[in-house]
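Novice: Dropping in model34.csv, which is CSV, C-alpha atoms and all ligand atoms:
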chain,number,residue,atom,x,y,z
A,1,LEU,CA,84.0,119.2,195.8
A,2,GLU,CA,86.0,122.2,197.0
A,3,GLU,CA,89.0,123.4,195.2
A,4,PRO,CA,91.8,125.6,196.8
A,5,GLU,CA,91.1,129.1,195.8
A,6,GLY,CA,93.0,130.2,192.7
A,7,LYS,CA,94.5,126.9,191.6
A,8,LEU,CA,92.0,126.3,188.8
A,9,TRP,CA,92.2,129.8,187.4
A,10,ARG,CA,96.0,129.7,187.1
A,11,ALA,CA,95.7,126.4,185.3
A,12,THR,CA,93.6,127.9,182.6
A,13,GLU,CA,95.4,131.3,182.1
A,14,ASP,CA,97.0,129.9,178.9
A,15,TYR,CA,93.6,129.8,177.3
A,16,ALA,CA,92.6,133.4,177.8
A,17,PRO,CA,91.5,135.4,174.8
A,18,ASP,CA,94.8,137.1,174.3
A,19,ALA,CA,97.2,137.7,171.3
A,20,LYS,CA,98.7,134.3,171.9
A,21,ASN,CA,95.7,132.4,170.7
A,22,PRO,CA,93.5,134.7,168.7
A,23,ALA,CA,91.8,132.2,166.4
A,24,ARG,CA,88.7,130.2,167.2
A,25,ILE,CA,88.8,126.5,166.8
A,26,ASN,CA,86.4,124.3,164.9
A,27,ALA,CA,83.5,124.4,167.3
A,28,THR,CA,79.9,125.5,167.8
A,29,LEU,CA,77.3,126.1,170.5
A,30,LEU,CA,74.5,123.7,169.8
A,31,ALA,CA,70.9,123.8,170.8
A,32,LEU,CA,68.0,121.5,169.8
A,33,VAL,CA,65.0,123.6,170.6
A,34,ARG,CA,61.3,124.2,169.7
A,35,ASN,CA,60.0,127.5,168.5
A,36,GLU,CA,57.7,127.7,171.6
A,37,GLU,CA,60.8,127.7,173.8
A,38,LEU,CA,62.1,131.0,172.4
A,39,GLU,CA,62.0,132.8,175.8
A,40,GLY,CA,63.8,130.0,177.6
A,41,MET,CA,66.4,129.9,174.8
A,42,LEU,CA,67.0,133.6,175.1
A,43,GLN,CA,67.5,133.3,178.8
A,44,SER,CA,70.2,130.6,178.3
A,45,MET,CA,71.9,132.6,175.6
A,46,HIS,CA,72.0,135.8,177.7
A,47,ASP,CA,73.7,133.9,180.5
A,48,LEU,CA,76.2,132.1,178.3
A,49,GLU,CA,77.0,135.2,176.2
A,50,ARG,CA,77.5,137.3,179.4
A,51,THR,CA,79.7,134.8,181.2
A,52,TRP,CA,81.7,133.4,178.3
A,53,ASN,CA,80.8,133.6,174.6
A,54,SER,CA,80.9,137.4,174.2
A,55,LYS,CA,84.7,137.0,174.8
A,56,PHE,CA,85.0,134.4,172.1
A,57,ASN,CA,82.1,134.6,169.7
A,58,TYR,CA,81.7,131.0,168.8
A,59,PRO,CA,78.8,130.4,166.4
A,60,TRP,CA,75.4,129.1,167.6
A,61,THR,CA,73.8,126.3,165.7
A,62,PHE,CA,70.1,125.7,166.4
A,63,PHE,CA,68.3,122.5,165.4
A,64,ASN,CA,64.6,121.8,165.1
A,65,ASP,CA,62.4,119.0,163.6
A,66,VAL,CA,60.3,121.8,162.0
A,67,PRO,CA,61.6,125.1,160.5
A,68,PHE,CA,62.4,127.9,162.9
A,69,SER,CA,60.0,130.8,162.9
A,70,PRO,CA,61.2,134.3,161.7
A,71,GLU,CA,60.7,135.6,165.2
A,72,PHE,CA,62.8,132.8,166.7
A,73,LYS,CA,65.6,133.7,164.2
A,74,LYS,CA,65.4,137.4,164.7
A,75,LYS,CA,65.4,137.3,168.5
A,76,THR,CA,68.1,134.7,168.9
A,77,GLN,CA,70.4,136.4,166.5
A,78,ALA,CA,69.9,139.7,168.4
A,79,ALA,CA,71.1,138.0,171.6
A,80,THR,CA,74.7,137.5,170.2
A,81,LYS,CA,77.4,139.1,168.1
A,82,ALA,CA,78.3,135.7,166.8
A,83,GLU,CA,76.9,134.0,163.8
A,84,CYS,CA,73.6,132.0,164.2
A,85,ARG,CA,72.7,129.0,162.0
A,86,TYR,CA,69.3,127.5,161.9
A,87,GLU,CA,69.0,123.9,160.8
A,88,VAL,CA,66.1,121.5,160.2
A,89,ILE,CA,66.7,117.9,161.1
A,90,PRO,CA,66.4,115.6,158.1
A,91,LYS,CA,63.2,113.5,158.2
A,92,GLU,CA,65.2,110.2,158.2
A,93,HIS,CA,67.1,111.3,161.3
A,94,TRP,CA,64.0,112.1,163.3
A,95,ALA,CA,61.6,109.4,162.1
A,96,VAL,CA,60.8,106.4,164.1
A,97,PRO,CA,63.0,103.6,162.6
A,98,SER,CA,61.2,101.0,160.4
A,99,TRP,CA,61.9,98.1,162.7
A,100,ILE,CA,60.0,99.6,165.6
A,101,ASN,CA,56.7,97.9,166.1
A,102,ASN,CA,53.9,100.4,166.9
A,103,ASP,CA,51.8,97.9,168.9
A,104,LEU,CA,54.7,96.9,171.0
A,105,TYR,CA,55.6,100.6,171.5
A,106,LYS,CA,52.1,101.3,172.8
A,107,GLU,CA,52.2,98.3,175.2
A,108,SER,CA,55.6,99.4,176.4
A,109,VAL,CA,54.4,102.9,177.1
A,110,LYS,CA,51.7,101.5,179.4
A,111,ILE,CA,54.3,99.7,181.5
A,112,LEU,CA,56.6,102.8,181.6
A,113,LYS,CA,53.7,104.9,182.8
A,114,GLU,CA,52.8,102.4,185.5
A,115,ASN,CA,56.4,102.9,186.6
A,116,ASP,CA,56.0,106.7,186.6
A,117,ILE,CA,58.6,107.2,183.9
A,118,GLN,CA,58.4,110.9,182.9
A,119,TYR,CA,57.6,111.7,179.2
A,120,ALA,CA,57.0,107.9,178.5
A,121,ASP,CA,54.0,108.6,176.4
A,122,MET,CA,55.5,111.5,174.5
A,123,LEU,CA,56.8,110.0,171.2
A,124,SER,CA,58.9,113.1,170.4
A,125,TYR,CA,60.8,112.7,173.7
A,126,HIS,CA,61.9,109.2,172.6
A,127,GLN,CA,62.8,110.7,169.2
A,128,MET,CA,64.8,113.5,170.9
A,129,CYS,CA,66.7,111.1,173.1
A,130,ARG,CA,67.6,108.9,170.1
A,131,TRP,CA,68.7,112.0,168.0
A,132,ASN,CA,70.9,113.3,170.8
A,133,SER,CA,72.4,109.8,171.3
A,134,GLY,CA,73.5,109.0,167.8
A,135,LEU,CA,72.4,111.4,165.1
A,136,PHE,CA,73.0,115.1,165.8
A,137,TYR,CA,76.7,114.9,164.7
A,138,LYS,CA,75.6,113.4,161.4
A,139,HIS,CA,73.7,116.5,160.4
A,140,PRO,CA,75.3,118.0,157.3
A,141,ALA,CA,75.7,121.3,159.2
A,142,MET,CA,77.9,119.5,161.7
A,143,GLU,CA,80.0,117.5,159.2
A,144,HIS,CA,83.0,119.8,159.3
A,145,MET,CA,82.7,120.6,163.1
A,146,GLN,CA,84.8,118.9,165.7
A,147,TYR,CA,83.6,120.3,169.1
A,148,TYR,CA,80.3,121.4,170.4
A,149,TRP,CA,78.8,122.8,173.6
A,150,ARG,CA,75.3,121.6,174.1
A,151,VAL,CA,72.9,124.3,175.5
A,152,GLU,CA,69.2,123.8,176.4
A,153,PRO,CA,66.6,126.5,176.9
A,154,LYS,CA,66.0,127.7,180.5
A,155,VAL,CA,69.4,126.8,181.8
A,156,HIS,CA,71.6,129.2,183.8
A,157,PHE,CA,75.4,130.0,183.8
A,158,PHE,CA,76.8,131.7,186.9
A,159,CYS,CA,80.5,132.2,186.6
A,160,ASP,CA,82.8,134.3,184.4
A,161,VAL,CA,84.9,132.0,182.4
A,162,ASP,CA,87.8,133.8,180.8
A,163,TYR,CA,89.5,131.0,178.8
A,164,ASP,CA,88.5,129.3,175.6
A,165,VAL,CA,87.0,126.0,176.8
A,166,PHE,CA,87.2,124.5,173.3
A,167,ARG,CA,90.9,125.3,173.0
A,168,TYR,CA,91.3,123.8,176.5
A,169,MET,CA,89.6,120.6,175.3
A,170,GLN,CA,91.8,120.4,172.2
A,171,ASP,CA,95.2,121.3,173.9
A,172,ARG,CA,94.6,118.9,176.8
A,173,ASN,CA,93.3,116.2,174.4
A,174,LYS,CA,89.9,115.9,176.2
A,175,THR,CA,87.0,114.1,174.7
A,176,TYR,CA,84.2,115.1,177.0
A,177,GLY,CA,83.4,117.7,179.6
A,178,PHE,CA,80.6,117.7,182.1
A,179,THR,CA,79.4,119.7,185.1
A,180,VAL,CA,76.8,117.4,186.9
A,181,THR,CA,76.3,113.7,187.2
A,182,ILE,CA,73.1,112.2,188.7
A,183,TYR,CA,71.4,108.8,189.0
A,184,ASP,CA,68.8,107.8,186.4
A,185,ALA,CA,65.3,106.3,186.8
A,186,PRO,CA,66.3,102.6,186.6
A,187,LYS,CA,62.9,101.6,185.1
A,188,SER,CA,63.6,103.8,182.1
A,189,ILE,CA,66.5,101.6,181.2
A,190,PRO,CA,66.0,98.0,182.4
A,191,THR,CA,67.7,96.4,179.4
A,192,LEU,CA,70.2,99.0,178.5
A,193,TRP,CA,73.0,97.4,180.5
A,194,PRO,CA,72.1,93.9,179.5
A,195,GLU,CA,72.2,95.0,175.8
A,196,THR,CA,75.5,96.7,176.5
A,197,GLU,CA,76.9,93.4,178.0
A,198,LYS,CA,75.8,91.6,174.8
A,199,PHE,CA,77.6,94.2,172.7
A,200,ILE,CA,80.8,93.9,174.8
A,201,ALA,CA,80.7,90.1,174.5
A,202,GLN,CA,80.7,90.6,170.7
A,203,HIS,CA,83.4,93.2,170.8
A,204,PRO,CA,85.6,92.7,173.8
A,205,GLU,CA,88.4,94.6,172.0
A,206,TYR,CA,86.4,97.8,172.1
A,207,LEU,CA,86.8,98.2,175.9
A,208,HIS,CA,89.4,100.9,176.6
A,209,PRO,CA,92.2,99.6,178.9
A,210,ASN,CA,91.8,102.8,181.0
A,211,ASN,CA,88.0,102.7,181.1
A,212,ALA,CA,85.6,103.7,183.9
A,213,GLN,CA,83.7,100.5,184.1
A,214,GLN,CA,83.9,100.5,187.9
A,215,TRP,CA,82.2,103.8,188.0
A,216,LEU,CA,79.3,102.5,185.8
A,217,THR,CA,78.9,99.3,187.8
A,218,ASP,CA,79.2,100.6,191.4
A,219,LYS,CA,76.4,99.0,193.5
A,220,THR,CA,77.4,100.3,196.9
A,221,ARG,CA,75.7,103.7,197.0
A,222,ARG,CA,72.3,103.0,195.4
A,223,PRO,CA,71.9,99.2,195.4
A,224,GLU,CA,68.3,99.3,194.3
A,225,HIS,CA,69.2,101.3,191.2
A,226,TRP,CA,71.9,98.9,190.3
A,227,GLN,CA,69.5,96.0,190.8
A,228,GLN,CA,66.6,97.5,188.8
A,229,ALA,CA,69.0,98.6,186.0
A,230,ASN,CA,70.4,95.0,185.9
A,231,GLY,CA,74.0,95.9,186.8
A,232,TYR,CA,74.3,99.6,185.9
A,233,SER,CA,74.6,102.1,188.8
A,234,THR,CA,72.5,104.5,186.6
A,235,CYS,CA,75.0,107.3,187.4
A,236,HIS,CA,75.4,109.4,184.2
A,237,PHE,CA,76.8,112.7,182.9
A,238,TRP,CA,73.8,115.1,182.8
A,239,THR,CA,73.9,115.7,179.1
A,240,ASN,CA,71.8,118.8,178.9
A,241,PHE,CA,75.3,120.3,179.5
A,242,GLU,CA,78.0,118.7,177.4
A,243,ILE,CA,81.2,120.0,175.8
A,244,ALA,CA,82.6,117.3,173.6
A,245,ASP,CA,84.8,116.2,170.7
A,246,MET,CA,82.5,114.6,168.1
A,247,SER,CA,85.4,112.4,166.9
A,248,PHE,CA,84.4,110.0,169.6
A,249,TRP,CA,80.8,109.8,168.5
A,250,ARG,CA,82.0,109.3,164.9
A,251,SER,CA,84.4,106.5,165.8
A,252,LYS,CA,83.6,103.0,164.6
A,253,VAL,CA,83.3,101.8,168.2
A,254,TYR,CA,80.5,104.3,169.0
A,255,GLU,CA,78.8,103.8,165.7
A,256,ASP,CA,78.6,100.1,166.2
A,257,TYR,CA,77.4,100.6,169.8
A,258,PHE,CA,74.7,103.1,168.8
A,259,ASN,CA,73.5,100.8,166.0
A,260,HIS,CA,73.4,97.9,168.3
A,261,LEU,CA,71.2,99.8,170.8
A,262,ASP,CA,69.1,101.3,168.1
A,263,ARG,CA,68.3,97.9,166.7
A,264,ALA,CA,67.5,96.6,170.2
A,265,GLY,CA,64.7,99.1,170.3
A,266,GLY,CA,65.0,100.5,173.8
A,267,PHE,CA,64.8,104.2,172.7
A,268,PHE,CA,61.1,103.3,172.1
A,269,TYR,CA,60.2,100.2,174.1
A,270,GLU,CA,61.9,101.7,177.1
A,271,ARG,CA,62.9,105.3,177.5
A,272,TRP,CA,66.6,105.2,177.1
A,273,GLY,CA,68.1,108.7,177.4
A,274,ASP,CA,71.0,110.1,175.6
A,275,ALA,CA,72.6,110.7,179.0
A,276,PRO,CA,73.0,107.0,180.1
A,277,VAL,CA,73.9,106.0,176.5
A,278,HIS,CA,76.6,108.6,176.2
A,279,SER,CA,77.8,107.9,179.7
A,280,ILE,CA,78.1,104.2,179.2
A,281,ALA,CA,79.9,104.6,175.9
A,282,LEU,CA,82.4,107.0,177.4
A,283,GLY,CA,82.8,104.9,180.5
A,284,LEU,CA,83.6,101.8,178.6
A,285,PHE,CA,85.2,102.8,175.3
A,286,GLU,CA,87.1,106.0,176.1
A,287,ASP,CA,90.2,106.7,178.3
A,288,LYS,CA,88.7,108.0,181.5
A,289,SER,CA,91.5,110.6,181.8
A,290,LYS,CA,90.0,112.3,178.7
A,291,ILE,CA,86.8,113.1,180.6
A,292,HIS,CA,86.9,116.5,182.3
A,293,TRP,CA,84.8,117.9,185.1
A,294,PHE,CA,84.3,121.6,184.4
A,295,ARG,CA,84.1,122.5,188.1
A,296,ASP,CA,84.5,126.2,187.2
A,297,ILE,CA,81.4,126.5,185.0
A,298,GLY,CA,78.6,127.4,187.3
A,299,TYR,CA,75.5,125.8,185.8
A,300,GLN,CA,71.8,125.0,186.5
A,301,HIS,CA,69.2,123.0,184.7
A,302,ILE,CA,66.2,122.6,187.0
A,303,PRO,CA,66.5,121.2,189.7
A,304,PHE,CA,70.3,120.7,189.9
A,305,PHE,CA,73.3,123.0,190.1
A,306,ASN,CA,77.1,123.0,189.8
A,307,CYS,CA,77.9,126.1,191.9
A,308,PRO,CA,81.7,126.6,192.5
A,309,ASN,CA,83.1,128.4,195.5
A,310,SER,CA,84.7,131.1,193.5
A,311,PRO,CA,84.7,134.9,193.4
A,312,LYS,CA,84.0,134.6,189.7
A,313,CYS,CA,80.5,133.3,190.3
A,314,SER,CA,77.3,135.0,191.3
A,315,GLY,CA,73.6,134.1,191.3
A,316,CYS,CA,73.8,130.6,192.9
A,317,THR,CA,74.5,129.4,196.4
A,318,LYS,CA,78.1,128.1,196.5
A,319,GLY,CA,78.3,124.4,196.8
A,320,LYS,CA,74.6,123.9,196.6
A,321,PHE,CA,73.5,121.0,194.4
A,322,TYR,CA,69.7,121.1,194.3
A,323,ASP,CA,66.7,123.3,194.5
A,324,GLY,CA,63.6,121.9,196.2
A,325,GLU,CA,63.1,118.8,198.4
A,326,PRO,CA,66.2,117.7,200.4
A,327,PHE,CA,65.9,114.1,199.0
A,328,LEU,CA,67.3,115.5,195.8
A,329,GLN,CA,70.8,115.8,197.4
A,330,LYS,CA,71.2,112.0,197.1
A,331,GLU,CA,70.8,112.2,193.3
A,332,ASP,CA,74.3,113.7,193.1
A,333,CYS,CA,76.7,110.9,192.1
A,334,ARG,CA,79.8,112.9,191.5
A,335,PRO,CA,81.5,111.3,194.5
A,336,ASN,CA,81.3,108.1,192.5
A,337,TRP,CA,83.1,109.7,189.6
A,338,PHE,CA,85.8,111.0,191.9
A,339,LYS,CA,86.2,107.7,193.6
A,340,TYR,CA,86.7,105.6,190.5
A,341,ALA,CA,87.8,107.9,187.7
A,342,HIS,CA,88.9,111.4,188.8
A,401,LIG,P1,64.3,117.4,179.9
A,401,LIG,O1,65.4,118.3,180.1
A,401,LIG,O2,64.6,115.9,180.0
A,401,LIG,O3,63.1,117.7,180.8
A,401,LIG,O4,63.7,117.5,178.4
A,401,LIG,P2,63.5,118.9,177.6
A,401,LIG,O5,62.1,119.1,177.3
A,401,LIG,O6,64.3,120.0,178.1
A,401,LIG,O7,64.2,118.4,176.2
A,401,LIG,C1,65.5,118.3,176.0
A,401,LIG,C2,66.0,119.2,174.9
A,401,LIG,O8,65.5,118.8,173.6
A,401,LIG,C3,65.6,120.7,175.0
A,401,LIG,O9,66.6,121.4,174.4
A,401,LIG,C4,64.4,120.7,174.2
A,401,LIG,O10,64.2,122.0,173.6
A,401,LIG,C5,64.6,119.7,173.1
A,401,LIG,N1,63.5,119.1,172.5
A,401,LIG,C6,62.8,118.1,173.1
A,401,LIG,N2,61.8,117.6,172.3
A,401,LIG,C7,61.8,118.3,171.2
A,401,LIG,C8,61.1,118.3,170.0
A,401,LIG,O11,60.1,117.6,169.8
A,401,LIG,N3,61.5,119.2,169.0
A,401,LIG,C9,62.5,120.1,169.2
A,401,LIG,N4,62.8,120.9,168.2
A,401,LIG,N5,63.2,120.1,170.3
A,401,LIG,C10,62.9,119.2,171.3
A,402,MN,MN,65.7,120.2,179.7
Give the structure from this file in structure tokens form.
Ligand code: GDP
Ligand code: MN
Specialist:
Amino acid sequence: LEEPEGKLWRATEDYAPDAKNPARINATLLALVRNEELEGMLQSMHDLERTWNSKFNYPWTFFNDVPFSPEFKKKTQAATKAECRYEVIPKEHWAVPSWINNDLYKESVKILKENDIQYADMLSYHQMCRWNSGLFYKHPAMEHMQYYWRVEPKVHFFCDVDYDVFRYMQDRNKTYGFTVTIYDAPKSIPTLWPETEKFIAQHPEYLHPNNAQQWLTDKTRRPEHWQQANGYSTCHFWTNFEIADMSFWRSKVYEDYFNHLDRAGGFFYERWGDAPVHSIALGLFEDKSKIHWFRDIGYQHIPFFNCPNSPKCSGCTKGKFYDGEPFLQKEDCRPNWFKYAH
């Protein structure tokens, strides 16, 4: 994962906050967060403001299923010179869909728990994954926005980034940017790939000619994952960080795919995450050359890191991927991405 010193930084000089490109583009920092997570949110904001946003002042848009408290608003606004917006999610975007059967949901949770699936019995976690998969960009406050950078509470940013990443996305015609890819718990998504195959059979024309299907279906590195997920490697972009163009989520292809999955019920009967859902959609229906690894954005969400070997970074161990038990190293599936799609 090493890059010759200096190469990357020259490549992005065109996007520095200079007189050439003074205007911001149509983009926002985006955080779904609870009032109780204020301290964690402030920590994430301080890191991202220090390393990047204080040079560009992109607005922050905060989303919540309940109203934000006055304290949350006051303290987050104090953490940035940029505008902050506070939005409540419409009830119909957060509610459990009418076709979900509550008894079946409860039965399903038992099985998920037997399989040690984290958060299986937390209904709000299922709702959150569904909202992040197919609803956030439909919020009225996002209607006129094109790009977003998703930020969670308690994450860290380690490197000075001196160019406008949104302008970079736009000028290079990128759809999606990530920092980390990892394997998922296969038992959280046993029917996600089978449902996807049904969808492709109905819409073979939706597959992009330059897709990353081989990346999604690799069975060589973690055969037991591939087997338990019924044909999907489980490798996914870790969506607690994502920088993306919402045009893709708003396309008919993705809308049809999301609706298909939503009807199938796996956001509740299993524990489908927005990470595998976004990753499978991108890997099948988008041109893989429009997906960008932001190797230069040092990032941590417990327990994984993207820590570049660059003088612009401090606070993380260069090249280190995980914090904790050594077995975590094998969760890194970026080599798969490089093999099939980079
Ligand atoms: P993990 O990263 O998978 O362990 O899940 P998190 O607990 O970090 O949740 C993912 C993101 O969704 C975070 O930004 C949370 O703040 C947010 N989130 C999760 N559940 C809820 C919820 O019920 N309400 C709100 N407002 N935010 C939530
Ligand atoms: Mn998190």
Novice: Using all atoms listed in the file, which of A:Lys288, A:Arg130, A:Arg34, A:Arg250 sits nearest ligand MN 402 (chain A)?
Specialist: A:Arg34
Novice: Got a sec to check which residues lie within 8 Å of ligand LIG 401 (chain A), using only C-alpha atoms and all ligand atoms, and send them as a PyMOL selection string?
Specialist: chain A and resi 31-35+37+63-66+124-125+127-129+151-153+240+301
Novice: Quick one: of A:Glu92, A:Ala341, A:Met246, A:Gly134, who's nearest to Gln170 of chain A, counting only C-alpha atoms?
Specialist: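 Of all the options, A:Met246 lies closest to Gln170 of chain A.
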Novice: Given all atoms listed in the file as the basis, pick out the residue of A:Leu104, A:Ala27, A:Ile182, A:Leu135 nearest to Gln329 of chain A.
Specialist: A:Ile182
Novice: Mind pulling up the distance from atom CA of Ile100 of chain A to atom CA of Leu284 of chain A?
Specialist: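 Atom CA of Ile100 of chain A lies 27.0 Å from atom CA of Leu284 of chain A.
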Novice: Tell me which of A:Lys154, A:His144, A:Lys75, A:Arg50 sits closest to ligand MN 402 (chain A), counting all atoms listed in the file.
Specialist: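 Residue with the minimum atom-to-atom distance to ligand MN 402 (chain A): A:Lys154.
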Novice: Work out how far atom CA of Asp274 of chain A is from atom CA of Leu216 of chain A, in Å to one decimal.
Specialist: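 Separation of atom CA of Leu216 of chain A and atom CA of Asp274 of chain A: 15.2 Å.
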Novice: Considering all atoms listed in the file, tabulate each residue of segment 173-204 of chain A that lies at most 10 Å from segment 261-266 of chain A along with its nearest interatomic pair and the corresponding distance in Å to one decimal; arrange the rows by chain and ascending residue number and present them as a Markdown table.
Specialist:
| residue | atom | partner | partner_atom | distance |
| --- | --- | --- | --- | --- |
| A:Ser188 | CA | A:Gly266 | CA | 9.0 |
| A:Ile189 | CA | A:Gly266 | CA | 7.6 |
| A:Pro190 | CA | A:Gly266 | CA | 9.0 |
| A:Thr191 | CA | A:Gly266 | CA | 7.4 |
| A:Leu192 | CA | A:Gly266 | CA | 7.2 |
| A:Glu195 | CA | A:Leu261 | CA | 7.0 |
| A:Thr196 | CA | A:Leu261 | CA | 7.8 |
| A:Phe199 | CA | A:Leu261 | CA | 8.7 |
